[in-house]
Each structure stands twice: as structure tokens, then as C-alpha cells.
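Engineer: I am attaching a structure below and will ask some questions about it afterwards.
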Amino acid sequence: MLIQITKRIIRVLLHEKIITQEDVEVYEYGCQITLANIINFIIVLTIGIIFKSVIQSAIFYLSFISLRIFCGGYHANSYHKCFFIFGCTCSICILLGHFLEKVSILTFLSVGSIFLLGMAIYKKAPIEHENRPFMEEERKKFRKKSFEVYVGWVIICSIFRIFGQFSYQAVLTMSFLAVLVLMMESK
């Protein structure tokens, strides 16, 4: 469905002479990525509303996406699978976050997830995908950016802990673990 919508948009752009035939592939890819991001945002917002956790959903979305952009990891082979896996991942992180905010092992789990994700980024990031090969200079840039984003989220997680925002800390911890699992699942 997403691909058909993209093709319709491209046909309109071609018909209106906004783009040329040579630009079709680039615009198709850009439209697909933009629509996929909009759908993912709607999925996260819907899950946040269902679980009455819109702020936690936003924290999950921002941390998960920002880390995945630079770290890489598992990619589904279709948009339908991607949306399904993303929705399940978000739901699991929100639900487990609700559970973890009330248990005493949250700090231990946070520290453990921070350590494991940091090691995975150090050893594996960025993880290439067949649709996204890296040149050596890009690899260095993405690894550096992975660490910068990671450190930023670790600081935010620490701030949540210091100020007693355990539900935010818990969902961020789950987001770290989700990114870690997807990094480990990559081929």
C-alpha cells in the first residue's frame, strides 16, 4: 500500500512537471521513507494513547529512532513487517516500562542496558544493510554520531533517575534494550 501511494505521488509530480524522469528513483525512495516515518509516528502516538503513556511513547520514539539511525541493525524485508515489528517493540517497551518503574531492579537494569548498548555500539556500530553500505569515512562519522547520541540519552536517563521520573527512565531503558536486540539480530 505504501509503495502504491508513493507511485501515485510520483505520477502526480511527473505529470505536473515538478520532477523529471531521471529523478523518479530518488523521489520514490524519499517518499517511501517519509511516509514510513509518518506511519511509525502514528503507530507510536496510537500506542501512547491506548496505554495512556503519550510522553513515554514520545521518549521511546525519539530515543529508539535517533539511536537506530546511526547504529543500524535488523531491518525487516517489507514495510508491513517493519510496521508490525515496530508497533510490537513500542508496545512491549511501554508495557515493560510500566512494570519496571515499580520494581527495585530498575537501576540495575538501566546500568546493565547502558553498558551492553555501549559495548554493542563500540564493537558493531554502524551496522551496514544491503540498502545502506558505508564508505570508510561514513562509517567513522556514523560511529562517532552513534556514541554522541548514545551519551546524550544516557545523560537524559540519568536525569530521569535523579529527579525520580522512573516511568521515563524505565521506558528509556527498554528502548536501549530494544536497540541492542535489533543490533544483535542484524546479519
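Labeling convention for the C-alpha cells: chains A, B, ... as they appear, residues from 1 per chain, ligands from 1 in order of appearance.
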Stretch 69-97 of chain A near stretch 150-164 of chain A within 12 Å: what's each residue's closest atom pair and its distance in Å to one decimal, counting only C-alpha atoms, ordered by chain then ascending residue number, as JSON lines?
Structural biologist:
```
{"residue": "A:Ile69", "atom": "CA", "partner": "A:Tyr150", "partner_atom": "CA", "distance": 11.5}
{"residue": "A:Phe70", "atom": "CA", "partner": "A:Tyr150", "partner_atom": "CA", "distance": 9.7}
{"residue": "A:Cys71", "atom": "CA", "partner": "A:Tyr150", "partner_atom": "CA", "distance": 9.4}
```
Engineer: Hey, can you check how far atom CA of A:Glu185 sits from atom CA of A:Phe64?
Structural biologist: 15.5 Å
Engineer: Residues near stretch 51-61 of chain A, anyone? I mean within 6 Å using only C-alpha atoms, not counting same-chain ones fewer than 4 positions away, as a PDB file with N, CA and C atoms, in the first residue's frame.
Structural biologist:
```pdb
ATOM      1  N   VAL A  44       3.200   4.967  17.105  1.00  0.00           N
ATOM      2  CA  VAL A  44       3.667   5.303  18.458  1.00  0.00           C
ATOM      3  C   VAL A  44       2.643   6.165  19.184  1.00  0.00           C
ATOM      4  N   ILE A  65      14.504   5.854  17.532  1.00  0.00           N
ATOM      5  CA  ILE A  65      14.789   6.288  16.157  1.00  0.00           C
ATOM      6  C   ILE A  65      16.169   6.941  16.067  1.00  0.00           C
ATOM      7  N   TYR A 168       9.795   7.299  32.980  1.00  0.00           N
ATOM      8  CA  TYR A 168      10.574   7.750  31.824  1.00  0.00           C
ATOM      9  C   TYR A 168      11.899   6.991  31.751  1.00  0.00           C
ATOM     10  N   SER A 175      13.998   0.998  25.676  1.00  0.00           N
ATOM     11  CA  SER A 175      14.398   1.427  24.337  1.00  0.00           C
ATOM     12  C   SER A 175      15.852   1.032  24.063  1.00  0.00           C
TER      13      SER A 175
END
```
Engineer: Find the residues around stretch 129-135 of chain A up to 12 Å (only C-alpha atoms counted), leave out those fewer than 3 positions away in its own chain, and share them as a list of chain:residue names.
Structural biologist: A:Tyr29, A:Ile69, A:Phe70, A:Cys71, A:Gly72, A:Gly73, A:Tyr74, A:His75, A:Ala76, A:Asn77, A:Ala125, A:Pro126, A:Glu138, A:Arg139, A:Lys140, A:Lys141, A:Phe142, A:Arg143, A:Met183, A:Ser186, A:Lys187
Engineer: Would you put the residues from that selection into a file with N, CA and C atoms, as a CSV table (one decimal), in the first residue's frame?
Structural biologist:
```
chain,number,residue,atom,x,y,z
A,29,TYR,N,12.1,6.9,-3.3
A,29,TYR,CA,12.8,6.5,-2.0
A,29,TYR,C,12.5,7.5,-0.9
A,69,ILE,N,19.1,5.2,13.7
A,69,ILE,CA,19.6,5.9,12.5
A,69,ILE,C,21.1,5.8,12.4
A,70,PHE,N,21.8,5.9,13.5
A,70,PHE,CA,23.2,5.9,13.5
A,70,PHE,C,23.8,4.5,13.8
A,71,CYS,N,23.2,3.7,14.6
A,71,CYS,CA,23.7,2.4,15.0
A,71,CYS,C,23.4,1.3,13.9
A,72,GLY,N,22.2,1.4,13.3
A,72,GLY,CA,21.8,0.4,12.4
A,72,GLY,C,21.3,-0.8,13.1
A,73,GLY,N,21.2,-2.0,12.4
A,73,GLY,CA,20.7,-3.2,13.0
A,73,GLY,C,19.7,-3.9,12.1
A,74,TYR,N,18.9,-4.8,12.6
A,74,TYR,CA,18.0,-5.6,11.9
A,74,TYR,C,17.0,-4.7,11.1
A,75,HIS,N,16.7,-5.1,9.8
A,75,HIS,CA,15.7,-4.4,9.0
A,75,HIS,C,14.8,-5.5,8.5
A,76,ALA,N,13.5,-5.3,8.6
A,76,ALA,CA,12.5,-6.2,8.0
A,76,ALA,C,12.6,-6.1,6.5
A,77,ASN,N,12.1,-7.1,5.9
A,77,ASN,CA,12.2,-7.1,4.4
A,77,ASN,C,10.9,-6.6,3.7
A,125,ALA,N,28.7,-0.8,15.7
A,125,ALA,CA,28.1,0.3,15.1
A,125,ALA,C,29.1,1.0,14.1
A,126,PRO,N,28.6,1.4,13.0
A,126,PRO,CA,27.3,1.3,12.5
A,126,PRO,C,27.2,-0.1,11.7
A,138,GLU,N,32.3,7.5,6.0
A,138,GLU,CA,31.0,7.5,6.6
A,138,GLU,C,30.8,6.6,7.8
A,139,ARG,N,31.5,5.4,7.8
A,139,ARG,CA,31.5,4.5,8.9
A,139,ARG,C,32.0,5.2,10.2
A,140,LYS,N,33.1,5.9,10.0
A,140,LYS,CA,33.7,6.7,11.2
A,140,LYS,C,32.8,7.7,11.7
A,141,LYS,N,32.2,8.5,10.7
A,141,LYS,CA,31.2,9.5,11.1
A,141,LYS,C,30.0,9.0,11.8
A,142,PHE,N,29.5,7.9,11.3
A,142,PHE,CA,28.3,7.3,11.9
A,142,PHE,C,28.6,6.6,13.3
A,143,ARG,N,29.8,6.1,13.4
A,143,ARG,CA,30.2,5.5,14.7
A,143,ARG,C,30.3,6.6,15.8
A,183,MET,N,20.3,-4.6,17.1
A,183,MET,CA,21.7,-4.6,16.6
A,183,MET,C,22.3,-6.1,16.6
A,186,SER,N,21.0,-8.3,13.6
A,186,SER,CA,21.4,-8.0,12.2
A,186,SER,C,22.3,-9.1,11.7
A,187,LYS,N,22.3,-9.2,10.4
A,187,LYS,CA,23.1,-10.2,9.7
A,187,LYS,C,24.5,-9.7,9.5
```
Engineer: Show which residues sit within 12 Å of A:Ile33, as a VMD selection string. Count only C-alpha atoms, and ignore same-chain residues fewer than 6 positions away.
Structural biologist: chain A and resid 2 to 3 6 26 to 27 39 to 40 79 82
Engineer: Given the selection you just returned, output its residues as a file containing all heavy atoms, formatted as a tab-separated table (two decimals), in the first residue's frame.
Structural biologist:
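The result, written out as result-v3.tsv:
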```
chain	number	residue	atom	x	y	z
A	2	LEU	N	1.90	1.26	0.83
A	2	LEU	CA	2.79	2.41	0.90
A	2	LEU	C	3.46	2.65	-0.46
A	2	LEU	O	3.58	3.79	-0.90
A	2	LEU	CB	3.84	2.18	1.99
A	2	LEU	CG	4.79	3.33	2.21
A	2	LEU	CD1	4.72	3.76	3.66
A	2	LEU	CD2	6.19	2.94	1.86
A	3	ILE	N	3.85	1.58	-1.10
A	3	ILE	CA	4.51	1.70	-2.41
A	3	ILE	C	3.53	2.24	-3.45
A	3	ILE	O	3.90	3.08	-4.28
A	3	ILE	CB	5.14	0.36	-2.82
A	3	ILE	CG1	6.29	0.04	-1.86
A	3	ILE	CG2	5.61	0.38	-4.27
A	3	ILE	CD1	6.90	-1.32	-2.00
A	6	THR	N	3.11	5.90	-2.89
A	6	THR	CA	4.31	6.58	-3.38
A	6	THR	C	4.27	6.71	-4.91
A	6	THR	O	4.57	7.78	-5.44
A	6	THR	CB	5.57	5.79	-2.96
A	6	THR	OG1	5.64	5.77	-1.53
A	6	THR	CG2	6.83	6.44	-3.50
A	26	VAL	N	14.99	8.65	-6.87
A	26	VAL	CA	15.34	9.39	-5.65
A	26	VAL	C	14.07	9.84	-4.93
A	26	VAL	O	13.94	9.69	-3.71
A	26	VAL	CB	16.23	10.61	-5.99
A	26	VAL	CG1	16.44	11.50	-4.78
A	26	VAL	CG2	17.55	10.15	-6.57
A	27	TYR	N	13.11	10.37	-5.68
A	27	TYR	CA	11.87	10.84	-5.06
A	27	TYR	C	11.01	9.69	-4.55
A	27	TYR	O	10.34	9.82	-3.52
A	27	TYR	CB	11.09	11.73	-6.04
A	27	TYR	CG	11.62	13.14	-6.07
A	27	TYR	CD1	12.63	13.49	-6.95
A	27	TYR	CD2	11.14	14.10	-5.19
A	27	TYR	CE1	13.15	14.78	-6.97
A	27	TYR	CE2	11.64	15.39	-5.20
A	27	TYR	CZ	12.64	15.72	-6.09
A	27	TYR	OH	13.14	16.99	-6.09
A	39	ILE	N	3.90	6.97	9.31
A	39	ILE	CA	3.16	5.81	9.82
A	39	ILE	C	3.72	5.36	11.17
A	39	ILE	O	2.97	5.08	12.10
A	39	ILE	CB	3.15	4.67	8.79
A	39	ILE	CG1	2.30	5.08	7.58
A	39	ILE	CG2	2.64	3.37	9.40
A	39	ILE	CD1	2.43	4.18	6.37
A	40	ASN	N	5.04	5.31	11.29
A	40	ASN	CA	5.65	4.94	12.57
A	40	ASN	C	5.26	5.92	13.68
A	40	ASN	O	4.98	5.52	14.81
A	40	ASN	CB	7.17	4.85	12.46
A	40	ASN	CG	7.62	3.55	11.84
A	40	ASN	OD1	6.94	2.53	11.91
A	40	ASN	ND2	8.79	3.58	11.22
A	79	TYR	N	7.64	-3.33	4.36
A	79	TYR	CA	7.14	-2.27	5.22
A	79	TYR	C	6.11	-2.82	6.21
A	79	TYR	O	6.05	-2.39	7.35
A	79	TYR	CB	6.53	-1.13	4.39
A	79	TYR	CG	7.57	-0.24	3.78
A	79	TYR	CD1	7.78	-0.21	2.41
A	79	TYR	CD2	8.35	0.59	4.57
A	79	TYR	CE1	8.74	0.62	1.84
A	79	TYR	CE2	9.32	1.42	4.02
A	79	TYR	CZ	9.51	1.43	2.66
A	79	TYR	OH	10.46	2.25	2.11
A	82	CYS	N	7.92	-4.35	9.00
A	82	CYS	CA	8.59	-3.27	9.74
A	82	CYS	C	7.60	-2.59	10.67
A	82	CYS	O	7.88	-2.39	11.86
A	82	CYS	CB	9.19	-2.26	8.77
A	82	CYS	SG	9.99	-0.86	9.57
```
Engineer: Could you give me, as number ranges by chain, each residue of chain A that DSSP assigns to alpha helix (DSSP H) when run on this structure's backbone?
Structural biologist: A: 2-15, 24-50, 54-71, 79-100, 106-124, 136-162, 166-184
Engineer: For a test of reading the model, state the distance in Å between atom CA of A:Thr107 and atom CA of A:Ser63, rounded to one decimal.
Structural biologist: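 Value for the atom CA of A:Thr107-atom CA of A:Ser63 distance: 18.3 Å.
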Engineer: Do you know which residues are at most 10 Å from A:Leu95 counting only C-alpha atoms, after dropping those on the same chain fewer than 2 positions away, and could you put them as an NGL selection string?
Structural biologist: :A and (51 or 53 or 89-93 or 97-100 or 170-171 or 174)
Engineer: Mind checking which residues fall within 12 Å of A:Glu28, counting only C-alpha atoms, ignoring those fewer than 5 positions away in the same chain, and posting them as a PyMOL selection string?
Structural biologist: chain A and resi 2-14+19+21-23+33-35
Engineer: For A:Ile43, which residue out of A:Met184, A:Cys88, A:Ile121, A:Val149 is the nearest one, using only C-alpha atoms?
Structural biologist: A:Cys88
Engineer: What does the distance from atom CA of A:Gln169 to atom CA of A:Leu67 come to in Å, to one decimal?
Structural biologist: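 Result for atom CA of A:Gln169 versus atom CA of A:Leu67: 16.1 Å, one decimal.
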